[in-house]
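K.L.:
Sharing structure-v8.cif below, mmCIF, C-alpha atoms:
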```cif
data_coords
#
loop_
_atom_site.label_atom_id
_atom_site.label_comp_id
_atom_site.auth_asym_id
_atom_site.auth_seq_id
_atom_site.Cartn_x
_atom_site.Cartn_y
_atom_site.Cartn_z
CA MET A 1 -98.98 0.88 35.56
CA GLU A 2 -98.02 0.97 39.22
CA SER A 3 -101.49 -0.06 40.31
CA GLU A 4 -101.51 -3.09 37.89
CA GLY A 5 -98.16 -4.20 39.29
CA LEU A 6 -99.54 -4.05 42.81
CA ILE A 7 -102.60 -6.13 41.88
CA VAL A 8 -100.40 -8.89 40.40
CA ASP A 9 -98.17 -8.75 43.49
CA GLU A 10 -101.13 -9.46 45.72
CA GLN A 11 -102.21 -12.39 43.57
CA VAL A 12 -98.73 -13.91 43.61
CA LYS A 13 -98.57 -13.48 47.35
CA ALA A 14 -101.91 -15.19 47.80
CA VAL A 15 -100.92 -18.16 45.62
CA VAL A 16 -97.55 -18.59 47.33
CA LEU A 17 -99.09 -18.32 50.76
CA THR A 18 -101.75 -20.89 49.93
CA ALA A 19 -99.11 -23.29 48.61
CA LEU A 20 -97.05 -22.80 51.76
CA VAL A 21 -100.03 -23.41 54.01
CA VAL A 22 -100.94 -26.62 52.12
CA ILE A 23 -97.33 -27.90 52.24
CA GLY A 24 -97.05 -27.01 55.92
CA VAL A 25 -100.30 -28.76 56.88
CA PHE A 26 -99.33 -31.85 54.84
CA ALA A 27 -95.85 -32.01 56.45
CA CYS A 28 -97.27 -31.66 59.97
CA SER A 29 -99.99 -34.29 59.37
CA GLN A 30 -97.37 -36.73 58.05
CA THR A 31 -95.28 -36.24 61.19
CA PHE A 32 -98.16 -36.70 63.59
CA PHE A 33 -100.13 -39.49 61.86
CA ALA A 34 -97.40 -41.53 60.14
CA ALA A 35 -97.30 -44.36 62.72
CA ARG A 36 -101.08 -44.73 63.08
CA VAL A 37 -102.49 -48.10 62.03
CA VAL A 38 -106.00 -47.77 60.64
CA GLU A 39 -107.08 -51.41 60.75
CA PRO A 40 -104.89 -53.66 62.92
CA PHE A 41 -104.87 -57.38 62.15
CA SER A 42 -102.82 -60.57 62.50
CA GLU A 43 -102.27 -63.30 59.94
CA LEU A 44 -102.16 -67.05 60.37
CA GLY A 45 -101.41 -69.38 57.49
CA LEU A 46 -100.50 -72.96 56.83
CA LEU A 47 -98.28 -73.95 53.92
CA GLY A 48 -97.65 -77.38 52.50
CA PRO A 49 -94.38 -79.38 52.65
CA LYS A 50 -93.00 -77.41 49.67
CA MET A 51 -93.67 -74.12 51.47
CA LYS A 52 -96.52 -73.33 49.09
CA ILE A 53 -100.29 -73.26 49.40
CA GLY A 54 -101.03 -76.81 48.26
CA ASP A 55 -99.68 -80.38 48.41
CA TYR A 56 -101.09 -80.76 51.91
CA PRO A 57 -100.99 -84.31 53.28
CA ARG A 58 -104.41 -85.99 53.36
CA GLU A 59 -103.78 -89.69 53.90
CA LEU A 60 -101.30 -90.69 56.56
CA ILE A 61 -100.11 -93.78 58.38
CA VAL A 62 -100.01 -93.85 62.20
CA ARG A 63 -96.82 -92.19 63.51
CA GLU A 64 -95.86 -91.06 60.01
CA SER A 65 -94.06 -87.74 60.25
CA PHE A 66 -95.15 -84.92 57.98
CA THR A 67 -93.86 -81.38 57.67
CA LEU A 68 -95.92 -78.24 57.20
CA TYR A 69 -94.97 -74.58 57.34
CA LEU A 70 -96.60 -72.23 59.77
CA TYR A 71 -96.97 -68.57 58.84
CA VAL A 72 -97.77 -65.74 61.26
CA GLY A 73 -97.86 -62.04 60.33
CA ASN A 74 -98.19 -59.01 62.58
CA HIS A 75 -99.99 -55.88 61.34
CA GLU A 76 -101.32 -54.80 64.74
CA GLY A 77 -99.24 -51.62 64.87
CA ARG A 78 -97.27 -52.85 67.89
CA VAL A 79 -95.09 -55.71 69.06
CA MET A 80 -97.05 -58.94 69.64
CA TYR A 81 -96.36 -62.20 71.47
CA TYR A 82 -98.06 -65.02 69.54
CA ALA A 83 -98.67 -68.65 70.39
CA VAL A 84 -99.94 -71.11 67.81
CA LEU A 85 -101.70 -74.07 69.42
CA VAL A 86 -102.07 -77.23 67.41
CA LYS A 87 -105.06 -79.40 68.30
CA LEU A 88 -106.43 -82.63 66.94
CA GLY A 89 -110.18 -82.80 66.68
CA ASN A 90 -112.69 -84.52 64.47
CA ARG A 91 -115.82 -83.75 62.50
CA THR A 92 -117.88 -83.12 65.65
CA THR A 93 -115.48 -80.92 67.63
CA SER A 94 -116.45 -77.29 67.17
CA ILE A 95 -114.31 -74.20 66.67
CA SER A 96 -115.24 -70.64 65.71
CA ASP A 97 -113.75 -67.17 65.56
CA GLU A 98 -114.99 -66.62 69.13
CA GLU A 99 -114.35 -69.98 70.80
CA PRO A 100 -111.23 -72.15 70.46
CA MET A 101 -111.45 -75.92 70.07
CA ASP A 102 -112.01 -77.59 73.44
CA VAL A 103 -109.50 -80.44 73.15
CA PRO A 104 -105.99 -80.96 74.57
CA VAL A 105 -103.10 -79.11 72.94
CA PHE A 106 -101.16 -81.30 70.55
CA ALA A 107 -98.21 -78.94 69.99
CA ARG A 108 -97.38 -75.33 70.73
CA TYR A 109 -95.19 -72.77 68.94
CA GLU A 110 -94.42 -69.26 70.17
CA VAL A 111 -92.90 -66.14 68.66
CA VAL A 112 -92.58 -62.44 69.39
CA LEU A 113 -93.09 -60.29 66.28
CA LEU A 114 -92.53 -56.61 65.60
CA ASP A 115 -95.21 -54.71 63.68
CA GLY A 116 -95.02 -55.42 59.94
CA LYS A 117 -92.95 -58.58 60.39
CA ASN A 118 -93.88 -62.16 59.66
CA TRP A 119 -92.57 -65.56 60.65
CA THR A 120 -92.54 -68.84 58.76
CA ARG A 121 -91.29 -72.01 60.40
CA PRO A 122 -91.45 -75.72 59.65
CA VAL A 123 -93.44 -77.93 61.98
CA THR A 124 -93.05 -81.68 61.93
CA LEU A 125 -95.96 -83.62 63.36
CA SER A 126 -97.31 -87.17 63.50
CA VAL A 127 -100.59 -88.71 64.65
CA GLU A 128 -100.54 -91.60 67.09
CA GLU A 129 -104.05 -93.02 66.61
CA PRO A 130 -105.78 -94.17 63.43
CA GLY A 131 -108.97 -92.34 62.47
CA VAL A 132 -111.03 -90.85 59.67
CA ASN A 133 -111.71 -87.12 59.17
CA TYR A 134 -109.33 -85.85 61.78
CA ARG A 135 -109.12 -82.08 61.93
CA LEU A 136 -105.66 -80.78 62.65
CA VAL A 137 -106.43 -77.28 63.84
CA PHE A 138 -103.95 -74.42 64.23
CA GLU A 139 -105.20 -71.65 66.51
CA LEU A 140 -103.62 -68.23 66.93
CA TRP A 141 -103.39 -66.93 70.50
CA THR A 142 -101.88 -63.62 71.60
CA TYR A 143 -100.45 -62.58 74.94
CA ASN A 144 -102.84 -60.19 76.64
CA GLU A 145 -101.08 -57.74 78.95
CA GLY A 146 -104.32 -57.00 80.78
CA VAL A 147 -105.02 -60.54 81.93
CA HIS A 148 -101.34 -61.64 81.95
CA ASP A 149 -102.11 -64.69 79.86
CA PHE A 150 -102.65 -65.80 76.28
CA LYS A 151 -106.06 -65.16 74.75
CA TYR A 152 -107.60 -66.75 71.66
CA HIS A 153 -107.27 -64.28 68.80
CA GLY A 154 -110.05 -65.73 66.64
CA ARG A 155 -107.77 -66.84 63.82
CA TRP A 156 -107.54 -70.53 62.96
CA CYS A 157 -106.93 -72.88 60.07
CA GLN A 158 -107.32 -76.61 59.69
CA LEU A 159 -106.17 -79.65 57.77
CA TRP A 160 -108.39 -82.71 57.25
CA LEU A 161 -106.56 -86.00 57.74
CA ASN A 162 -107.28 -89.72 57.44
CA VAL A 163 -104.87 -91.79 59.50
CA THR A 164 -104.64 -95.52 58.87
CA LYS A 165 -102.87 -98.36 60.66
CA PRO A 166 -99.61 -99.51 59.07
CA VAL A 167 -100.01 -102.61 56.91
CA VAL A 168 -98.39 -105.62 58.60
CA PRO A 169 -96.90 -108.07 56.06
CA MET B 1 -76.91 -114.02 109.27
CA LYS B 2 -80.52 -112.86 109.61
CA CYS B 3 -79.35 -109.47 110.91
CA LEU B 4 -77.02 -109.06 107.97
CA HIS B 5 -79.82 -109.88 105.60
CA ARG B 6 -82.06 -107.29 107.25
CA LEU B 7 -79.29 -104.69 107.08
CA PHE B 8 -78.85 -105.38 103.38
CA LEU B 9 -82.59 -105.01 102.81
CA VAL B 10 -82.76 -101.71 104.70
CA SER B 11 -79.74 -100.32 102.82
CA ALA B 12 -81.24 -101.33 99.47
CA LEU B 13 -84.56 -99.66 100.35
CA LEU B 14 -82.74 -96.55 101.52
CA LEU B 15 -80.71 -96.43 98.32
CA ILE B 16 -83.82 -96.81 96.16
CA SER B 17 -85.73 -94.11 98.05
CA VAL B 18 -82.77 -91.70 97.89
CA SER B 19 -82.37 -92.23 94.14
CA LEU B 20 -86.14 -91.78 93.63
CA MET B 21 -86.00 -88.55 95.63
CA VAL B 22 -83.08 -87.29 93.55
CA VAL B 23 -84.90 -88.10 90.28
CA SER B 24 -88.17 -86.54 91.45
CA ASN B 25 -86.33 -83.45 92.72
CA SER B 26 -84.52 -82.99 89.42
CA VAL B 27 -87.77 -83.44 87.45
CA SER B 28 -89.71 -81.02 89.67
CA GLY B 29 -86.71 -78.65 89.56
CA GLU B 30 -86.80 -78.71 85.78
CA ILE B 31 -90.55 -78.08 85.74
CA ALA B 32 -90.13 -75.19 88.18
CA LEU B 33 -87.33 -73.76 86.05
CA LYS B 34 -89.45 -74.08 82.90
CA GLU B 35 -92.30 -72.32 84.66
CA ARG B 36 -89.93 -69.58 85.81
CA VAL B 37 -88.67 -69.07 82.25
CA ARG B 38 -92.28 -68.79 81.05
CA LEU B 39 -93.14 -66.21 83.72
CA GLU B 40 -89.99 -64.22 82.98
CA LEU B 41 -90.79 -64.38 79.25
CA ALA B 42 -94.18 -62.80 79.89
CA GLU B 43 -92.60 -60.13 82.06
CA ALA B 44 -89.92 -59.48 79.42
CA PHE B 45 -92.54 -59.15 76.69
CA MET B 46 -94.46 -56.59 78.74
CA ALA B 47 -91.22 -54.66 79.32
CA VAL B 48 -90.51 -54.74 75.58
CA ALA B 49 -94.05 -53.58 74.76
CA GLU B 50 -93.64 -50.68 77.20
CA ALA B 51 -90.27 -49.76 75.68
CA GLU B 52 -91.89 -49.78 72.25
CA ARG B 53 -94.72 -47.54 73.52
CA LEU B 54 -92.01 -45.10 74.58
CA SER B 55 -90.75 -45.18 70.96
CA GLY B 56 -87.68 -47.28 71.75
CA ASP B 57 -86.07 -49.45 69.07
CA VAL B 58 -86.92 -52.89 70.44
CA SER B 59 -85.79 -55.01 67.47
CA GLU B 60 -82.73 -56.39 69.29
CA LEU B 61 -84.79 -57.18 72.37
CA VAL B 62 -87.32 -59.04 70.24
CA ASP B 63 -84.48 -61.06 68.67
CA GLU B 64 -83.26 -61.98 72.15
CA LEU B 65 -86.76 -63.04 73.20
CA ASN B 66 -87.11 -65.23 70.12
CA GLN B 67 -83.75 -66.84 70.83
CA ALA B 68 -84.96 -67.56 74.37
CA LEU B 69 -88.16 -69.09 72.97
CA PHE B 70 -86.08 -71.26 70.62
CA LEU B 71 -83.90 -72.42 73.54
CA LEU B 72 -86.99 -73.15 75.64
CA GLU B 73 -88.48 -75.26 72.87
CA LYS B 74 -85.19 -77.11 72.37
CA ALA B 75 -84.87 -77.68 76.11
CA GLN B 76 -88.35 -79.22 76.16
CA ILE B 77 -87.41 -81.62 73.37
CA ASP B 78 -83.92 -82.52 74.65
CA GLY B 79 -84.71 -82.21 78.37
CA ASP B 80 -81.55 -80.17 78.77
CA GLU B 81 -81.53 -77.94 81.85
CA ALA B 82 -78.52 -75.97 80.60
CA LEU B 83 -80.62 -74.70 77.68
CA LEU B 84 -83.32 -73.60 80.12
CA LEU B 85 -80.73 -71.67 82.13
CA GLU B 86 -79.41 -70.05 78.94
CA ALA B 87 -82.97 -69.07 77.97
CA LEU B 88 -83.54 -67.63 81.44
CA SER B 89 -80.34 -65.61 81.21
CA LYS B 90 -81.40 -64.14 77.86
CA VAL B 91 -84.86 -63.26 79.17
CA GLU B 92 -83.38 -61.60 82.26
CA ASP B 93 -81.08 -59.57 79.98
CA VAL B 94 -84.15 -58.36 78.07
CA VAL B 95 -85.93 -57.39 81.31
CA ALA B 96 -82.86 -55.40 82.37
CA MET B 97 -82.33 -53.73 78.97
CA ALA B 98 -85.93 -52.80 78.15
CA PRO B 99 -86.18 -49.69 80.42
CA VAL B 100 -82.91 -48.35 78.97
CA VAL B 101 -84.24 -48.80 75.42
CA GLY B 102 -87.48 -47.09 76.53
CA GLN B 103 -85.55 -44.09 77.88
CA ASP B 104 -83.56 -43.88 74.64
CA GLY B 105 -86.88 -43.89 72.82
CA VAL B 106 -88.19 -41.00 74.94
CA ALA B 107 -85.02 -38.99 74.20
CA ALA B 108 -85.30 -39.77 70.47
CA MET B 109 -88.97 -38.78 70.48
CA GLN B 110 -88.17 -35.45 72.17
CA ALA B 111 -85.47 -34.82 69.57
CA ARG B 112 -87.97 -35.60 66.80
CA THR B 113 -90.53 -33.24 68.35
CA VAL B 114 -87.95 -30.43 68.49
CA GLN B 115 -87.00 -31.22 64.89
CA SER B 116 -90.65 -31.10 63.82
CA TRP B 117 -91.17 -27.70 65.45
CA LEU B 118 -87.96 -26.44 63.83
CA VAL B 119 -89.30 -27.54 60.44
CA VAL B 120 -92.61 -25.81 61.15
CA GLY B 121 -90.73 -22.66 62.24
CA LEU B 122 -88.55 -22.81 59.14
CA VAL B 123 -91.55 -23.17 56.85
CA GLY B 124 -93.20 -20.21 58.65
CA ALA B 125 -90.06 -18.09 58.33
CA LEU B 126 -89.77 -19.00 54.65
CA GLY B 127 -93.40 -17.99 54.24
CA VAL B 128 -92.78 -14.57 55.79
CA ILE B 129 -89.64 -14.03 53.70
CA THR B 130 -91.49 -15.09 50.58
CA TRP B 131 -94.42 -12.88 51.45
CA ARG B 132 -92.15 -9.89 51.92
CA TYR B 133 -89.49 -10.25 49.25
CA GLU B 134 -90.73 -12.76 46.67
CA PRO B 135 -92.76 -10.33 44.45
CA ARG B 136 -89.84 -7.93 44.20
CA ILE B 137 -87.39 -10.76 43.37
CA PHE B 138 -89.87 -12.44 41.02
CA TRP B 139 -90.54 -9.32 38.95
CA ARG B 140 -86.87 -8.37 38.92
CA LEU B 141 -86.03 -11.79 37.52
CA TRP B 142 -88.93 -11.55 35.09
CA VAL B 143 -87.78 -8.17 33.83
CA ARG B 144 -84.20 -9.46 33.56
CA SER B 145 -85.28 -12.47 31.52
CA LYS B 146 -87.36 -10.31 29.14
CA ARG B 147 -84.78 -7.55 28.85
CA ARG B 148 -84.05 -8.20 25.18
CA TRP B 149 -87.64 -8.44 24.12
CA LYS B 150 -88.90 -5.78 21.80
CA VAL B 151 -92.47 -4.67 21.70
CA LYS B 152 -93.99 -4.21 18.25
CA ALA B 153 -97.01 -2.08 17.89
#
```
So that I can check it, write out the structure of this file as structure tokens.
P.N.:
Amino acid sequence: MESEGLIVDEQVKAVVLTALVVIGVFACSQTFFAARVVEPFSELGLLGPKMKIGDYPRELIVRESFTLYLYVGNHEGRVMYYAVLVKLGNRTTSISDEEPMDVPVFARYEVVLLDGKNWTRPVTLSVEEPGVNYRLVFELWTYNEGVHDFKYHGRWCQLWLNVTKPVVP
Amino acid sequence: MKCLHRLFLVSALLLISVSLMVVSNSVSGEIALKERVRLELAEAFMAVAEAERLSGDVSELVDELNQALFLLEKAQIDGDEALLLEALSKVEDVVAMAPVVGQDGVAAMQARTVQSWLVVGLVGALGVITWRYEPRIFWRLWVRSKRRWKVKA
């Protein structure tokens, strides 16, 4: 009887010890790896005048003001200093994830965002010259502490616009 | 009469050149101030990033920086130098506060490390106690709970 009791005691001890080891390892790993970001990324979005994806302006008159909403999200795991550059190009001006559009900056918006935060703000713009198939491009740039300047982050979105002259009565 | 006319002409030219100089100085002063705010903003951001690396709570500093950015944008639209000065003051506050926040972060991190080791120690101690006393307590409780059971052969 005594020997059976001892055998069960050892089994209970082993189970309890295993559970404790597992809990301990899990607790320690949570403490040390909680703040680690596996895949850092930033978001750039453009919303229509009703703050939704849609209802974007397509046909405009010269100097007609239109409002859009700019959305930037930070999931980089650290504080970021963003600049969104607005540029006006056309069908032939090129832009990619590596190279920004090589045209003058039309407007510029800046924000500093903590990790996990996002920012939505209205932007009111107008185009001064008539034209067909304008590309209103929004590029995301981030402040690079190494080069002490903003660097193109490879995120961009665009809006196609036709701008016509106002009709003179 | 001719001398008076010449004097008037010279005074008018002088007045125009002085006013042009004043305007150009104020414009270049505003541009220089704007540039200074931009440089300070970059410096402030780097200070904030460093404070965050040291585990400091930088949310208030980030709010201040965004307010400065808002003022800078408004100053560019309105051409108001007072807004630029206000933005500069906010940015300078951030530069001054960031190292303090960083130090607070270091202290908080040390406290968290101590806390973590205390938890690890506590779990270890609980393990030893359980290892030593748990079987005895467990079987005592088991026997107590089954005390009224009767065994039928």
K.L.:
Which polymer residues, whether protein, DNA or RNA, lie within 10 Å of the coordinate (-86.0, -46.5, 78.8) when you count only C-alpha atoms? List them as an MDAnalysis selection string, using the chain letters and numbers from the file.
P.N.:
chainID B and resid 47:48 50:52 54:56 97:107
K.L.:
Excluding same-chain residues fewer than 2 positions from Gly48 of chain A, what lies within 10 Å of it counting all atoms listed in the file, as a list in words?
P.N.:
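Non-adjacent residues within range: Leu46, Lys50, Met51, Lys52, Ile53, Gly54, Asp55, Tyr56, Pro57, Phe66, Thr67, Leu68, Tyr69, Leu70 and Pro122 of chain A.
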K.L.:
Quick one: which residues end up in the PyMOL selection byres ((chain A) within 12 of (chain B)) for this structure, as an MDAnalysis selection string?
P.N.:
chainID A and resid 5:32 35 77:83 107:117 119 121 142:150
K.L.:
Go ahead and save the residues from that selection, with C-alpha atoms, as a PDB file, keeping the file's coordinate frame.
P.N.:
```
ATOM      1  CA  GLY A   5     -98.160  -4.200  39.290  1.00  0.00           C
ATOM      2  CA  LEU A   6     -99.540  -4.050  42.810  1.00  0.00           C
ATOM      3  CA  ILE A   7    -102.600  -6.130  41.880  1.00  0.00           C
ATOM      4  CA  VAL A   8    -100.400  -8.890  40.400  1.00  0.00           C
ATOM      5  CA  ASP A   9     -98.170  -8.750  43.490  1.00  0.00           C
ATOM      6  CA  GLU A  10    -101.130  -9.460  45.720  1.00  0.00           C
ATOM      7  CA  GLN A  11    -102.210 -12.390  43.570  1.00  0.00           C
ATOM      8  CA  VAL A  12     -98.730 -13.910  43.610  1.00  0.00           C
ATOM      9  CA  LYS A  13     -98.570 -13.480  47.350  1.00  0.00           C
ATOM     10  CA  ALA A  14    -101.910 -15.190  47.800  1.00  0.00           C
ATOM     11  CA  VAL A  15    -100.920 -18.160  45.620  1.00  0.00           C
ATOM     12  CA  VAL A  16     -97.550 -18.590  47.330  1.00  0.00           C
ATOM     13  CA  LEU A  17     -99.090 -18.320  50.760  1.00  0.00           C
ATOM     14  CA  THR A  18    -101.750 -20.890  49.930  1.00  0.00           C
ATOM     15  CA  ALA A  19     -99.110 -23.290  48.610  1.00  0.00           C
ATOM     16  CA  LEU A  20     -97.050 -22.800  51.760  1.00  0.00           C
ATOM     17  CA  VAL A  21    -100.030 -23.410  54.010  1.00  0.00           C
ATOM     18  CA  VAL A  22    -100.940 -26.620  52.120  1.00  0.00           C
ATOM     19  CA  ILE A  23     -97.330 -27.900  52.240  1.00  0.00           C
ATOM     20  CA  GLY A  24     -97.050 -27.010  55.920  1.00  0.00           C
ATOM     21  CA  VAL A  25    -100.300 -28.760  56.880  1.00  0.00           C
ATOM     22  CA  PHE A  26     -99.330 -31.850  54.840  1.00  0.00           C
ATOM     23  CA  ALA A  27     -95.850 -32.010  56.450  1.00  0.00           C
ATOM     24  CA  CYS A  28     -97.270 -31.660  59.970  1.00  0.00           C
ATOM     25  CA  SER A  29     -99.990 -34.290  59.370  1.00  0.00           C
ATOM     26  CA  GLN A  30     -97.370 -36.730  58.050  1.00  0.00           C
ATOM     27  CA  THR A  31     -95.280 -36.240  61.190  1.00  0.00           C
ATOM     28  CA  PHE A  32     -98.160 -36.700  63.590  1.00  0.00           C
ATOM     29  CA  ALA A  35     -97.300 -44.360  62.720  1.00  0.00           C
ATOM     30  CA  GLY A  77     -99.240 -51.620  64.870  1.00  0.00           C
ATOM     31  CA  ARG A  78     -97.270 -52.850  67.890  1.00  0.00           C
ATOM     32  CA  VAL A  79     -95.090 -55.710  69.060  1.00  0.00           C
ATOM     33  CA  MET A  80     -97.050 -58.940  69.640  1.00  0.00           C
ATOM     34  CA  TYR A  81     -96.360 -62.200  71.470  1.00  0.00           C
ATOM     35  CA  TYR A  82     -98.060 -65.020  69.540  1.00  0.00           C
ATOM     36  CA  ALA A  83     -98.670 -68.650  70.390  1.00  0.00           C
ATOM     37  CA  ALA A 107     -98.210 -78.940  69.990  1.00  0.00           C
ATOM     38  CA  ARG A 108     -97.380 -75.330  70.730  1.00  0.00           C
ATOM     39  CA  TYR A 109     -95.190 -72.770  68.940  1.00  0.00           C
ATOM     40  CA  GLU A 110     -94.420 -69.260  70.170  1.00  0.00           C
ATOM     41  CA  VAL A 111     -92.900 -66.140  68.660  1.00  0.00           C
ATOM     42  CA  VAL A 112     -92.580 -62.440  69.390  1.00  0.00           C
ATOM     43  CA  LEU A 113     -93.090 -60.290  66.280  1.00  0.00           C
ATOM     44  CA  LEU A 114     -92.530 -56.610  65.600  1.00  0.00           C
ATOM     45  CA  ASP A 115     -95.210 -54.710  63.680  1.00  0.00           C
ATOM     46  CA  GLY A 116     -95.020 -55.420  59.940  1.00  0.00           C
ATOM     47  CA  LYS A 117     -92.950 -58.580  60.390  1.00  0.00           C
ATOM     48  CA  TRP A 119     -92.570 -65.560  60.650  1.00  0.00           C
ATOM     49  CA  ARG A 121     -91.290 -72.010  60.400  1.00  0.00           C
ATOM     50  CA  THR A 142    -101.880 -63.620  71.600  1.00  0.00           C
ATOM     51  CA  TYR A 143    -100.450 -62.580  74.940  1.00  0.00           C
ATOM     52  CA  ASN A 144    -102.840 -60.190  76.640  1.00  0.00           C
ATOM     53  CA  GLU A 145    -101.080 -57.740  78.950  1.00  0.00           C
ATOM     54  CA  GLY A 146    -104.320 -57.000  80.780  1.00  0.00           C
ATOM     55  CA  VAL A 147    -105.020 -60.540  81.930  1.00  0.00           C
ATOM     56  CA  HIS A 148    -101.340 -61.640  81.950  1.00  0.00           C
ATOM     57  CA  ASP A 149    -102.110 -64.690  79.860  1.00  0.00           C
ATOM     58  CA  PHE A 150    -102.650 -65.800  76.280  1.00  0.00           C
TER      59      PHE A 150
END
```
K.L.:
Using all atoms listed in the file, pick whichever of B:Ile16, B:Leu122, B:Trp149, B:Asp57 has the shortest atom-to-atom distance to Met109 of chain B.
P.N.:
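Ranked by minimum distance to Met109 of chain B, first place goes to B:Asp57.
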K.L.:
Atom CA of Glu92 of chain B to atom CA of Gln76 of chain B: how many Å, to one decimal?
P.N.:
19.3 Å
K.L.:
Take the PyMOL selection byres ((chain A and resi 156) around 7), run it mentally on this structure, and tell me the resulting residues as a list in words.
P.N.:
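Matching residues under the PyMOL selection byres ((chain A and resi 156) around 7) are Leu44, Val137, Phe138, Glu139, Leu140, Gly154, Arg155, Cys157 and Gln158 of chain A.
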